[in-house]
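Asks: My questions will all concern the structure given below.
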Amino acid sequence: MYNILFVEDDETISYLMSRMEIWNEIDFQIRAIACNGKEALILLEKDTAFDLVITDIRMPIVDGLELIRIMRQRNIEIPVLLASTYSDFQYVREGLRLGALDYLVKPYTNINIKETLEIARDTLDKLQVSETRGDFIPEICREKFRALSENSREDFLDLRIMKYTSLHVCENGFIENLEMEMGLSRDYMSKLFKKENGLTLNEYIIQTKIEYAKNDLLHTTMKIYEISEKLGYSTIDYFTKIFRNHTGSTPLQYRKKGRKSNFPV
């Protein structure tokens, strides 16, 4: 069971968060609640049993971003999740640059908490040490801990790129929106994606679009030109060429074979 320090200046939100049903389903529990970053730092210095910090960004006295900065200055190497509304994404990007692992979108729901904490759990599994932690970790272990943290941040930036692509690839201005969402340039994301997956970001985007096309061809009555337009292709000919290169069939052939066999092709 992993222990969470929840940092939130709104007592109502803190109460509702502690009472959510999701805590009965995942290997996390809220061990303590702090009303601002200053109080969180006091708890972190006193209690070495915390595994994860979930913090709001906008708080009085010490806000979420300053909390991360001070934690890093004091070598408190505990992963941090930022909680934000959509209007706070400029601050989220800054938090990710400071070393936050990921973020939770407010208002909280059982679904988004579960999805984000499943990712965090993978990181925590990697970062577990067998005996002691915090100020008692020898310097050689501390350096290894930091290295693992950096690798994990790259891993989960990669996962977040995949997640956002799968949900929004058909939207207008997808690349620009992806850059804003991640707070990273397309070139940087492409290099990271290639390093982690062995294929470029553009290749992954095409693969994702092909999967959308397959689903629409087999499970909807959309016309092929409508699918092409939905996926952002300028002409049916270009869409057909891309589709054939990845599946060995034209869209029409794929639809006919799928309907004839009643199974995905």
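Here's how to read the names in the structure tokens: chain A, B, ... by the order shown, residue numbers from 1 in each chain, ligand numbers from 1 in the order shown.
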Need the shell around Arg31 (chain A): protein/DNA/RNA residues with any atom at most 7 Å away, counting only C-alpha atoms. Skip same-chain ones fewer than 5 positions apart. Format as an mmCIF file with all heavy atoms, in the first residue's frame?
Replies:
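Listing of result.cif after writing:
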```
data_model
loop_
_atom_site.group_PDB
_atom_site.id
_atom_site.type_symbol
_atom_site.label_atom_id
_atom_site.label_comp_id
_atom_site.auth_asym_id
_atom_site.auth_seq_id
_atom_site.Cartn_x
_atom_site.Cartn_y
_atom_site.Cartn_z
ATOM 1 N N ASN A 3 1.444 5.343 0.373
ATOM 2 C CA ASN A 3 0.884 6.424 1.180
ATOM 3 C C ASN A 3 0.986 7.759 0.458
ATOM 4 O O ASN A 3 2.052 8.125 -0.047
ATOM 5 C CB ASN A 3 1.610 6.515 2.521
ATOM 6 C CG ASN A 3 1.371 5.281 3.382
ATOM 7 O OD1 ASN A 3 0.226 4.877 3.581
ATOM 8 N ND2 ASN A 3 2.433 4.696 3.883
ATOM 9 N N ILE A 4 -0.123 8.486 0.454
ATOM 10 C CA ILE A 4 -0.204 9.767 -0.243
ATOM 11 C C ILE A 4 -0.276 10.912 0.762
ATOM 12 O O ILE A 4 -1.006 10.844 1.756
ATOM 13 C CB ILE A 4 -1.453 9.819 -1.138
ATOM 14 C CG1 ILE A 4 -1.355 8.801 -2.282
ATOM 15 C CG2 ILE A 4 -1.669 11.226 -1.704
ATOM 16 C CD1 ILE A 4 -2.643 8.662 -3.073
ATOM 17 N N LEU A 5 0.477 11.980 0.474
ATOM 18 C CA LEU A 5 0.285 13.261 1.141
ATOM 19 C C LEU A 5 -0.521 14.123 0.177
ATOM 20 O O LEU A 5 -0.051 14.448 -0.918
ATOM 21 C CB LEU A 5 1.614 13.925 1.473
ATOM 22 C CG LEU A 5 1.535 15.364 2.002
ATOM 23 C CD1 LEU A 5 0.692 15.439 3.270
ATOM 24 C CD2 LEU A 5 2.927 15.932 2.241
#
```
Asks: Could I get the residues of region 219-243 of chain A with an atom no further than 7 Å from an atom of region 198-214 of chain A, each paired with its nearest atom pair and that distance in Å to one decimal, using only C-alpha atoms, sorted by chain and residue number, as a tab-separated table?
Replies:
```
residue	atom	partner	partner_atom	distance
A:Ile227	CA	A:Ala213	CA	6.5
A:Leu231	CA	A:Lys209	CA	6.4
A:Phe243	CA	A:Ile210	CA	6.5
```
Asks: Name the residues in contact with region 46-55 of chain A at a cut-off of 8 Å, using only C-alpha atoms, excluding same-chain residues fewer than 5 positions from it; report them as a ChimeraX atom specification.
Replies: /A:2-8,31,64,78-83,124,133-134
Asks: Those residues you just picked out, can you put them in a file as a PDB file, in the first residue's frame with C-alpha atoms?
Replies:
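In the end it all went to selection-v8.pdb:
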```pdb
ATOM      1  CA  TYR A   2       1.409   3.376  -1.042  1.00  0.00           C
ATOM      2  CA  ASN A   3       0.884   6.424   1.180  1.00  0.00           C
ATOM      3  CA  ILE A   4      -0.204   9.767  -0.243  1.00  0.00           C
ATOM      4  CA  LEU A   5       0.285  13.261   1.141  1.00  0.00           C
ATOM      5  CA  PHE A   6      -2.633  15.261  -0.276  1.00  0.00           C
ATOM      6  CA  VAL A   7      -2.065  19.035  -0.413  1.00  0.00           C
ATOM      7  CA  GLU A   8      -5.137  21.214  -0.950  1.00  0.00           C
ATOM      8  CA  ARG A  31      -2.056   9.177   4.883  1.00  0.00           C
ATOM      9  CA  GLY A  64       2.405  23.709  -5.607  1.00  0.00           C
ATOM     10  CA  ILE A  78       9.232  11.726  -3.605  1.00  0.00           C
ATOM     11  CA  PRO A  79       7.231  11.725  -6.868  1.00  0.00           C
ATOM     12  CA  VAL A  80       4.713  14.560  -7.210  1.00  0.00           C
ATOM     13  CA  LEU A  81       1.421  14.739  -9.071  1.00  0.00           C
ATOM     14  CA  LEU A  82       0.052  18.196  -9.794  1.00  0.00           C
ATOM     15  CA  ALA A  83      -3.687  18.845  -9.588  1.00  0.00           C
ATOM     16  CA  LEU A 124       6.820   3.805  -7.442  1.00  0.00           C
ATOM     17  CA  ARG A 133      14.752   6.142   2.247  1.00  0.00           C
ATOM     18  CA  GLY A 134      14.766   9.934   2.516  1.00  0.00           C
TER      19      GLY A 134
END
```
Asks: Can you pull out every residue within 10 Å of Met20 (chain A), counting only C-alpha atoms, but drop anything in the same chain fewer than 5 positions away, and send it as an MDAnalysis selection string?
Replies: chainID A and resid 15 108:110 113
Asks: How many Å separate CA of Leu157 (chain A) from CA of Leu43 (chain A)?
Replies: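 Taking CA of Leu157 (chain A) and CA of Leu43 (chain A), their separation equals 28.6 Å.
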Asks: Using only C-alpha atoms, find the one residue out of A:Ile224, A:Leu217, A:Met189, A:Ile70 that sits nearest to Lys257 (chain A).
Replies: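 Checking each of A:Ile224, A:Leu217, A:Met189, A:Ile70 against Lys257 (chain A), counting only C-alpha atoms, the winner is A:Leu217.
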Asks: For Leu117 (chain A), which of A:Asp216, A:Glu25, A:Glu181, A:Glu196 is the closest residue, counting only C-alpha atoms?
Replies: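 Counting only C-alpha atoms, the residue closest to Leu117 (chain A) is A:Glu25.
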Asks: Env of Arg244 (chain A): 12 Å cut, atoms = only C-alpha atoms, seq-sep filter 4 positions within chain, self excluded. Answer as a PyMOL selection string.
Replies: chain A and resi 210+213-214+236-240+248-254
Asks: Kindly export the residues of the current selection with C-alpha atoms, as a compact mmCIF listing (two decimals), in the first residue's frame.
Replies:
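Dumped everything to again_2.txt:
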```
# COMPACT_ATOMS: atom_id res chain seq x y z
CA ILE A 210 -5.21 3.62 -39.36
CA ALA A 213 -10.07 3.96 -39.94
CA LYS A 214 -10.29 0.19 -39.47
CA ILE A 236 -9.17 10.14 -50.67
CA ASP A 237 -6.29 9.06 -52.91
CA TYR A 238 -3.71 9.96 -50.29
CA PHE A 239 -5.74 8.28 -47.54
CA THR A 240 -6.06 5.14 -49.68
CA GLY A 248 -2.13 -4.36 -47.75
CA SER A 249 -5.69 -3.49 -48.76
CA THR A 250 -7.57 -0.44 -49.92
CA PRO A 251 -10.23 0.86 -47.50
CA LEU A 252 -13.00 -0.56 -49.68
CA GLN A 253 -11.32 -3.99 -49.88
CA TYR A 254 -10.80 -3.99 -46.11
```
